[in-house]
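File shown here: final-v6.pdb, holding PDB, C-alpha atoms.
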```
ATOM      1  CA  MET A   8     -19.506  13.720  -1.255
ATOM      2  CA  ARG A   9     -17.313  10.940   0.122
ATOM      3  CA  THR A  10     -14.507  10.421  -2.376
ATOM      4  CA  GLY A  11     -11.907   7.668  -2.179
ATOM      5  CA  VAL A  12      -8.443   8.318  -3.581
ATOM      6  CA  TYR A  13      -6.738   5.122  -4.734
ATOM      7  CA  GLY A  14      -3.338   5.749  -6.276
ATOM      8  CA  GLY A  15      -0.664   3.356  -7.404
ATOM      9  CA  THR A  16       1.646   2.272 -10.157
ATOM     10  CA  PHE A  17      -0.856  -0.340 -11.446
ATOM     11  CA  ASN A  18       1.821  -2.042 -13.530
ATOM     12  CA  PRO A  19      -0.419  -3.795 -14.442
ATOM     13  CA  ILE A  20      -3.663  -3.411 -12.524
ATOM     14  CA  HIS A  21      -4.977  -6.833 -11.439
ATOM     15  CA  LEU A  22      -7.974  -8.460  -9.792
ATOM     16  CA  GLY A  23      -6.473  -7.904  -6.341
ATOM     17  CA  HIS A  24      -6.562  -4.154  -6.961
ATOM     18  CA  VAL A  25     -10.152  -4.377  -8.181
ATOM     19  CA  LYS A  26     -11.315  -6.434  -5.183
ATOM     20  CA  LEU A  27      -9.580  -4.067  -2.764
ATOM     21  CA  ALA A  28     -11.244  -1.072  -4.395
ATOM     22  CA  GLU A  29     -14.647  -2.714  -4.077
ATOM     23  CA  GLU A  30     -14.095  -3.567  -0.394
ATOM     24  CA  TYR A  31     -13.007  -0.044   0.503
ATOM     25  CA  ARG A  32     -15.878   1.504  -1.422
ATOM     26  CA  GLU A  33     -18.393  -0.661   0.421
ATOM     27  CA  GLU A  34     -16.870  -0.396   3.901
ATOM     28  CA  LEU A  35     -16.343   3.372   3.729
ATOM     29  CA  GLY A  36     -19.643   4.128   1.996
ATOM     30  CA  LEU A  37     -17.889   5.999  -0.795
ATOM     31  CA  ASP A  38     -19.908   7.930  -3.352
ATOM     32  CA  ARG A  39     -17.005   8.022  -5.782
ATOM     33  CA  LEU A  40     -13.649   6.284  -6.101
ATOM     34  CA  LEU A  41     -10.832   7.985  -7.988
ATOM     35  CA  VAL A  42      -8.251   5.551  -9.372
ATOM     36  CA  ILE A  43      -5.065   7.491 -10.124
ATOM     37  CA  PRO A  44      -2.045   5.873 -11.824
ATOM     38  CA  ASP A  45       1.155   7.643 -10.816
ATOM     39  CA  CYS A  46       3.708   9.050 -13.217
ATOM     40  CA  HIS A  47       7.059   8.382 -11.558
ATOM     41  CA  PRO A  48       6.569   6.675  -8.198
ATOM     42  CA  PRO A  49       8.903   8.417  -5.713
ATOM     43  CA  HIS A  50       9.230   5.391  -3.412
ATOM     44  CA  LYS A  51      10.228   2.715  -5.926
ATOM     45  CA  ARG A  52      12.263   2.076  -9.067
ATOM     46  CA  ALA A  53      10.369   0.427 -11.899
ATOM     47  CA  PHE A  54      12.625  -0.793 -14.691
ATOM     48  CA  ASP A  55       9.784  -2.484 -16.576
ATOM     49  CA  LEU A  56       7.173   0.230 -16.149
ATOM     50  CA  ALA A  57       4.545   0.369 -18.893
ATOM     51  CA  SER A  58       3.909   3.844 -20.251
ATOM     52  CA  GLY A  59       1.520   6.179 -18.485
ATOM     53  CA  PRO A  60      -1.130   6.029 -21.231
ATOM     54  CA  GLN A  61      -0.930   2.218 -21.250
ATOM     55  CA  ARG A  62      -1.397   1.910 -17.470
ATOM     56  CA  LEU A  63      -4.201   4.468 -17.612
ATOM     57  CA  GLU A  64      -6.016   2.476 -20.301
ATOM     58  CA  MET A  65      -5.608  -0.771 -18.356
ATOM     59  CA  CYS A  66      -7.182   0.904 -15.309
ATOM     60  CA  ARG A  67     -10.082   2.096 -17.435
ATOM     61  CA  LEU A  68     -10.586  -1.404 -18.797
ATOM     62  CA  ALA A  69     -10.444  -2.898 -15.299
ATOM     63  CA  PHE A  70     -13.282  -0.697 -14.021
ATOM     64  CA  ALA A  71     -15.301  -0.420 -17.224
ATOM     65  CA  GLY A  72     -19.000  -0.417 -16.475
ATOM     66  CA  ASP A  73     -18.629   0.702 -12.848
ATOM     67  CA  PRO A  74     -20.200   4.179 -12.596
ATOM     68  CA  THR A  75     -18.775   4.818  -9.122
ATOM     69  CA  VAL A  76     -15.155   4.552 -10.307
ATOM     70  CA  GLN A  77     -13.433   7.379 -12.140
ATOM     71  CA  VAL A  78      -9.956   6.764 -13.563
ATOM     72  CA  ASP A  79      -8.067  10.065 -13.423
ATOM     73  CA  ASP A  80      -4.876  10.999 -15.275
ATOM     74  CA  LEU A  81      -4.006  14.037 -13.156
ATOM     75  CA  GLU A  82      -0.662  12.642 -11.965
ATOM     76  CA  LEU A  83       0.278  11.561 -15.468
ATOM     77  CA  ARG A  84      -0.568  15.038 -16.775
ATOM     78  CA  ARG A  85       1.626  16.560 -14.085
ATOM     79  CA  GLY A  86       4.536  14.694 -15.660
ATOM     80  CA  ALA A  87       6.837  14.583 -12.649
ATOM     81  CA  LYS A  88       7.359  12.575  -9.489
ATOM     82  CA  SER A  89       3.984  11.816  -7.962
ATOM     83  CA  TYR A  90       3.692  13.221  -4.462
ATOM     84  CA  THR A  91       0.431  12.421  -2.724
ATOM     85  CA  VAL A  92       0.173  15.846  -1.120
ATOM     86  CA  ASP A  93       0.212  17.551  -4.546
ATOM     87  CA  THR A  94      -2.534  15.244  -5.790
ATOM     88  CA  LEU A  95      -4.717  15.939  -2.751
ATOM     89  CA  GLU A  96      -4.224  19.688  -3.098
ATOM     90  CA  GLN A  97      -5.301  19.489  -6.734
ATOM     91  CA  LEU A  98      -8.330  17.358  -5.882
ATOM     92  CA  ARG A  99      -9.352  19.782  -3.153
ATOM     93  CA  GLU A 100      -9.413  22.593  -5.708
ATOM     94  CA  GLN A 101     -11.388  20.423  -8.121
ATOM     95  CA  TYR A 102     -13.868  19.070  -5.549
ATOM     96  CA  PRO A 103     -13.948  21.635  -2.723
ATOM     97  CA  ARG A 104     -17.011  20.153  -1.011
ATOM     98  CA  ASP A 105     -15.755  16.545  -0.908
ATOM     99  CA  THR A 106     -14.336  14.590   2.012
ATOM    100  CA  PHE A 107     -11.332  12.598   0.809
ATOM    101  CA  TYR A 108     -10.429   9.093   1.958
ATOM    102  CA  LEU A 109      -6.829   8.246   1.069
ATOM    103  CA  ILE A 110      -6.517   4.491   0.508
ATOM    104  CA  MET A 111      -3.135   2.923   1.182
ATOM    105  CA  GLY A 112      -1.465  -0.315   2.144
ATOM    106  CA  GLY A 113      -0.651  -1.119   5.744
ATOM    107  CA  ASP A 114       3.075  -0.697   5.111
ATOM    108  CA  MET A 115       2.460   2.798   3.766
ATOM    109  CA  PHE A 116       0.276   3.691   6.741
ATOM    110  CA  LEU A 117       3.105   2.690   9.085
ATOM    111  CA  THR A 118       5.615   4.913   7.248
ATOM    112  CA  ILE A 119       3.329   7.871   6.475
ATOM    113  CA  THR A 120       5.421  10.277   8.564
ATOM    114  CA  GLN A 121       8.278   9.737   6.092
ATOM    115  CA  TRP A 122       6.194  11.042   3.194
ATOM    116  CA  HIS A 123       6.719  14.413   1.578
ATOM    117  CA  ASN A 124       4.814  17.132   3.515
ATOM    118  CA  PHE A 125       2.968  14.463   5.497
ATOM    119  CA  GLN A 126       1.358  16.873   7.948
ATOM    120  CA  ARG A 127      -0.485  18.577   5.098
ATOM    121  CA  ILE A 128      -1.738  15.168   3.952
ATOM    122  CA  PHE A 129      -3.263  14.744   7.416
ATOM    123  CA  GLN A 130      -5.217  17.963   6.913
ATOM    124  CA  LEU A 131      -6.464  17.061   3.459
ATOM    125  CA  ALA A 132      -7.663  13.473   3.852
ATOM    126  CA  ILE A 133      -8.777  10.675   6.133
ATOM    127  CA  LEU A 134      -6.168   7.901   6.024
ATOM    128  CA  CYS A 135      -7.518   4.434   5.239
ATOM    129  CA  ALA A 136      -5.563   1.203   5.578
ATOM    130  CA  GLY A 137      -6.380  -2.457   5.978
ATOM    131  CA  ALA A 138      -4.982  -5.479   7.774
ATOM    132  CA  ARG A 139      -5.081  -9.149   6.885
ATOM    133  CA  GLU A 140      -3.823 -10.721  10.111
ATOM    134  CA  LEU A 141      -4.273 -10.088  13.831
ATOM    135  CA  GLU A 142      -0.621  -9.120  14.341
ATOM    136  CA  GLU A 143      -0.782  -6.607  11.496
ATOM    137  CA  TRP A 144      -4.093  -5.241  12.808
ATOM    138  CA  GLU A 145      -2.603  -4.637  16.263
ATOM    139  CA  ARG A 146       0.420  -2.877  14.740
ATOM    140  CA  LEU A 147      -1.814  -0.618  12.654
ATOM    141  CA  CYS A 148      -4.003   0.174  15.666
ATOM    142  CA  ARG A 149      -0.996   1.222  17.731
ATOM    143  CA  HIS A 150       0.207   3.475  14.923
ATOM    144  CA  ARG A 151      -3.289   4.904  14.433
ATOM    145  CA  ASP A 152      -3.389   5.842  18.114
ATOM    146  CA  PHE A 153       0.067   7.436  17.883
ATOM    147  CA  LEU A 154      -0.882   9.480  14.809
ATOM    148  CA  GLN A 155      -4.108  10.617  16.414
ATOM    149  CA  GLU A 156      -2.438  11.675  19.663
ATOM    150  CA  ARG A 157       0.586  13.313  18.039
ATOM    151  CA  TYR A 158      -0.943  14.908  14.939
ATOM    152  CA  GLY A 159      -4.727  14.661  15.310
ATOM    153  CA  VAL A 160      -4.876  12.339  12.311
ATOM    154  CA  ARG A 161      -8.251  11.091  11.110
ATOM    155  CA  SER A 162      -8.057   7.460  10.006
ATOM    156  CA  ARG A 163     -10.080   4.339   9.285
ATOM    157  CA  LEU A 164      -8.714   0.820   9.630
ATOM    158  CA  LEU A 165     -10.403  -2.135   7.961
ATOM    159  CA  HIS A 166     -10.153  -5.908   8.043
ATOM    160  CA  PHE A 167     -10.009  -7.375   4.557
ATOM    161  CA  SER A 168      -9.068 -10.538   2.676
ATOM    162  CA  PRO A 169      -6.947  -9.546  -0.326
ATOM    163  CA  LEU A 170      -6.337 -11.845  -3.250
ATOM    164  CA  PRO A 171      -2.763 -13.222  -3.285
ATOM    165  CA  ILE A 172      -1.836 -11.519  -6.562
ATOM    166  CA  SER A 173       1.035  -9.153  -7.321
ATOM    167  CA  SER A 174       1.931  -7.099 -10.375
ATOM    168  CA  THR A 175       5.544  -8.291 -10.077
ATOM    169  CA  ASP A 176       4.463 -11.938 -10.356
ATOM    170  CA  ILE A 177       2.202 -11.145 -13.303
ATOM    171  CA  ARG A 178       5.042  -9.467 -15.190
ATOM    172  CA  ALA A 179       7.268 -12.469 -14.459
ATOM    173  CA  ARG A 180       4.609 -14.840 -15.770
ATOM    174  CA  ILE A 181       4.329 -12.837 -18.975
ATOM    175  CA  ARG A 182       8.099 -12.940 -19.501
ATOM    176  CA  ARG A 183       8.004 -16.737 -19.084
ATOM    177  CA  GLY A 184       5.084 -17.034 -21.478
ATOM    178  CA  ASP A 185       2.696 -18.290 -18.780
ATOM    179  CA  PRO A 186      -1.019 -17.406 -18.879
ATOM    180  CA  ILE A 187      -2.374 -14.569 -16.722
ATOM    181  CA  ASP A 188      -6.063 -15.362 -17.099
ATOM    182  CA  GLY A 189      -7.790 -15.176 -13.726
ATOM    183  CA  LEU A 190      -5.184 -12.738 -12.405
ATOM    184  CA  VAL A 191      -6.209  -9.621 -14.295
ATOM    185  CA  PRO A 192      -9.594  -8.535 -15.713
ATOM    186  CA  PRO A 193     -10.233 -10.044 -19.173
ATOM    187  CA  GLY A 194     -10.022  -6.674 -20.915
ATOM    188  CA  VAL A 195      -6.643  -6.017 -19.321
ATOM    189  CA  ALA A 196      -5.323  -9.445 -20.330
ATOM    190  CA  GLN A 197      -6.370  -8.802 -23.924
ATOM    191  CA  TYR A 198      -4.784  -5.332 -23.896
ATOM    192  CA  ILE A 199      -1.479  -6.747 -22.599
ATOM    193  CA  ARG A 200      -1.457  -9.413 -25.314
ATOM    194  CA  GLU A 201      -2.350  -7.002 -28.116
ATOM    195  CA  ASN A 202       0.309  -4.497 -27.063
ATOM    196  CA  GLN A 203       2.929  -7.118 -26.172
ATOM    197  CA  LEU A 204       3.593  -5.583 -22.765
ATOM    198  CA  TYR A 205       6.095  -6.905 -20.205
ATOM    199  CA  GLN A 206       7.737  -9.370 -22.571
ATOM    200  CA  GLY A 207      11.271  -8.331 -21.647
TER     201      GLY A 207
END
```

Entire entry expressed as structure tokens:
Amino acid sequence: MRTGVYGGTFNPIHLGHVKLAEEYREELGLDRLLVIPDCHPPHKRAFDLASGPQRLEMCRLAFAGDPTVQVDDLELRRGAKSYTVDTLEQLREQYPRDTFYLIMGGDMFLTITQWHNFQRIFQLAILCAGARELEEWERLCRHRDFLQERYGVRSRLLHFSPLPISSTDIRARIRRGDPIDGLVPPGVAQYIRENQLYQG
């Protein structure tokens, strides 16, 4: 089975995340997409991070009704810093027959050799990243060729057109009292309102 692994802070998950997931699923021919909120992101500080259960529930609401998407709490259950290699090792034990496609942003693809135990990641998954502009595409292609020649990395690069939405901007809008309709799925917007998230 071809399984996509889509991790992130998702603080909160928004329509840009959902669209990106759909594009990767279609382009890669994925049978299943695992959406995995992280516990404590090792590469960033999040002072206004919603709780793990809250971010997990927002992810579930965002993909409700999509049978190909499975929201997984394995990193939250681990309860420590979320290292991708540990997640992939755990998924390999859980789904030993699957081929894993690790979905990441272009910036992460370019810095993958700085990740914890990155060479093991290369053994466990096919790296997948996307570019929006020609200059970014050329940079990713050069790095793909370097990774393949140096480490034998398997990778897939895609062209895509992401929505110009960010979780940071959404949280700022909420603090100002501005509406977020059209930026997050309706169920997520309702959940944020009912639980008074990100209000400062």

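Within the file as shown, the PyMOL selection byres ((chain A and resi 84-96) around 9) identifies Val12, Gly14, Asp45, Cys46, His47, Pro48, Pro49, Asp80, Leu81, Glu82, Leu83, Gln97, Leu98, Arg99, Glu100, Gln101, Phe107, Leu109, Trp122, His123, Asn124, Phe125, Arg127, Ile128, Leu131 and Ala132 of chain A.
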
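Counting all atoms listed in the file and comparing A:Leu117, A:Leu165, A:Ile172, A:Leu56, the residue that lies closest to Asp152 (chain A) is A:Leu117.
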
Legend entry - Residues within 10 Å of Val191 (chain A), only C-alpha atoms, excluding chain neighbours under 5 positions, as a list in words: Pro19, Ile20, His21, Leu22, Gly23, His24, Val25, Met65, Ala69, Ile172, Ser174, Ile177, Ala196, Gln197 and Ile199 of chain A

Inset, instruction - List, as a PyMOL selection string, every residue that the PyMOL selection byres ((chain A and resi 63) around 10) selects in the file provided. - result: chain A and resi 16-20+42-45+57-62+64-69+78-80+83

Inset, instruction - Figure out the distance between CA of Tyr13 (chain A) and CA of Asp176 (chain A), please, to one decimal in Å. - result: 21.2 Å

Inset, instruction - Do a neighbour search on Gly113 (chain A) at 12 Å with all atoms listed in the file, toss out local chain neighbours closer than 2 positions, and write the hits as a ChimeraX atom specification. - result: /A:110-111,115-119,134-140,142-148,150-151,163-167

Keeping C-alpha atoms for every residue in the selection just given, could you write it to a file as a JSON list (two decimals), in the coordinates of the input?
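New file result.json:
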```json
[["chain", "number", "residue", "atom", "x", "y", "z"],
["A", 110, "ILE", "CA", -6.52, 4.49, 0.51],
["A", 111, "MET", "CA", -3.14, 2.92, 1.18],
["A", 115, "MET", "CA", 2.46, 2.80, 3.77],
["A", 116, "PHE", "CA", 0.28, 3.69, 6.74],
["A", 117, "LEU", "CA", 3.10, 2.69, 9.09],
["A", 118, "THR", "CA", 5.62, 4.91, 7.25],
["A", 119, "ILE", "CA", 3.33, 7.87, 6.48],
["A", 134, "LEU", "CA", -6.17, 7.90, 6.02],
["A", 135, "CYS", "CA", -7.52, 4.43, 5.24],
["A", 136, "ALA", "CA", -5.56, 1.20, 5.58],
["A", 137, "GLY", "CA", -6.38, -2.46, 5.98],
["A", 138, "ALA", "CA", -4.98, -5.48, 7.77],
["A", 139, "ARG", "CA", -5.08, -9.15, 6.88],
["A", 140, "GLU", "CA", -3.82, -10.72, 10.11],
["A", 142, "GLU", "CA", -0.62, -9.12, 14.34],
["A", 143, "GLU", "CA", -0.78, -6.61, 11.50],
["A", 144, "TRP", "CA", -4.09, -5.24, 12.81],
["A", 145, "GLU", "CA", -2.60, -4.64, 16.26],
["A", 146, "ARG", "CA", 0.42, -2.88, 14.74],
["A", 147, "LEU", "CA", -1.81, -0.62, 12.65],
["A", 148, "CYS", "CA", -4.00, 0.17, 15.67],
["A", 150, "HIS", "CA", 0.21, 3.48, 14.92],
["A", 151, "ARG", "CA", -3.29, 4.90, 14.43],
["A", 163, "ARG", "CA", -10.08, 4.34, 9.28],
["A", 164, "LEU", "CA", -8.71, 0.82, 9.63],
["A", 165, "LEU", "CA", -10.40, -2.13, 7.96],
["A", 166, "HIS", "CA", -10.15, -5.91, 8.04],
["A", 167, "PHE", "CA", -10.01, -7.38, 4.56]]
```

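You will find CA of Gly184 (chain A) at 16.1 Å from CA of Asp55 (chain A).
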
Inset, instruction - Would you kindly identify which residues have an atom no farther than 8 Å from (-8.4, 11.2, 11.3), using all atoms listed in the file and the file's own coordinates, and write them out as a PyMOL selection string? - result: chain A and resi 129+132-134+155+159-163

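Computed from the coordinates, the CA of Gln126 (chain A) to CA of Tyr158 (chain A) distance equals 7.6 Å.
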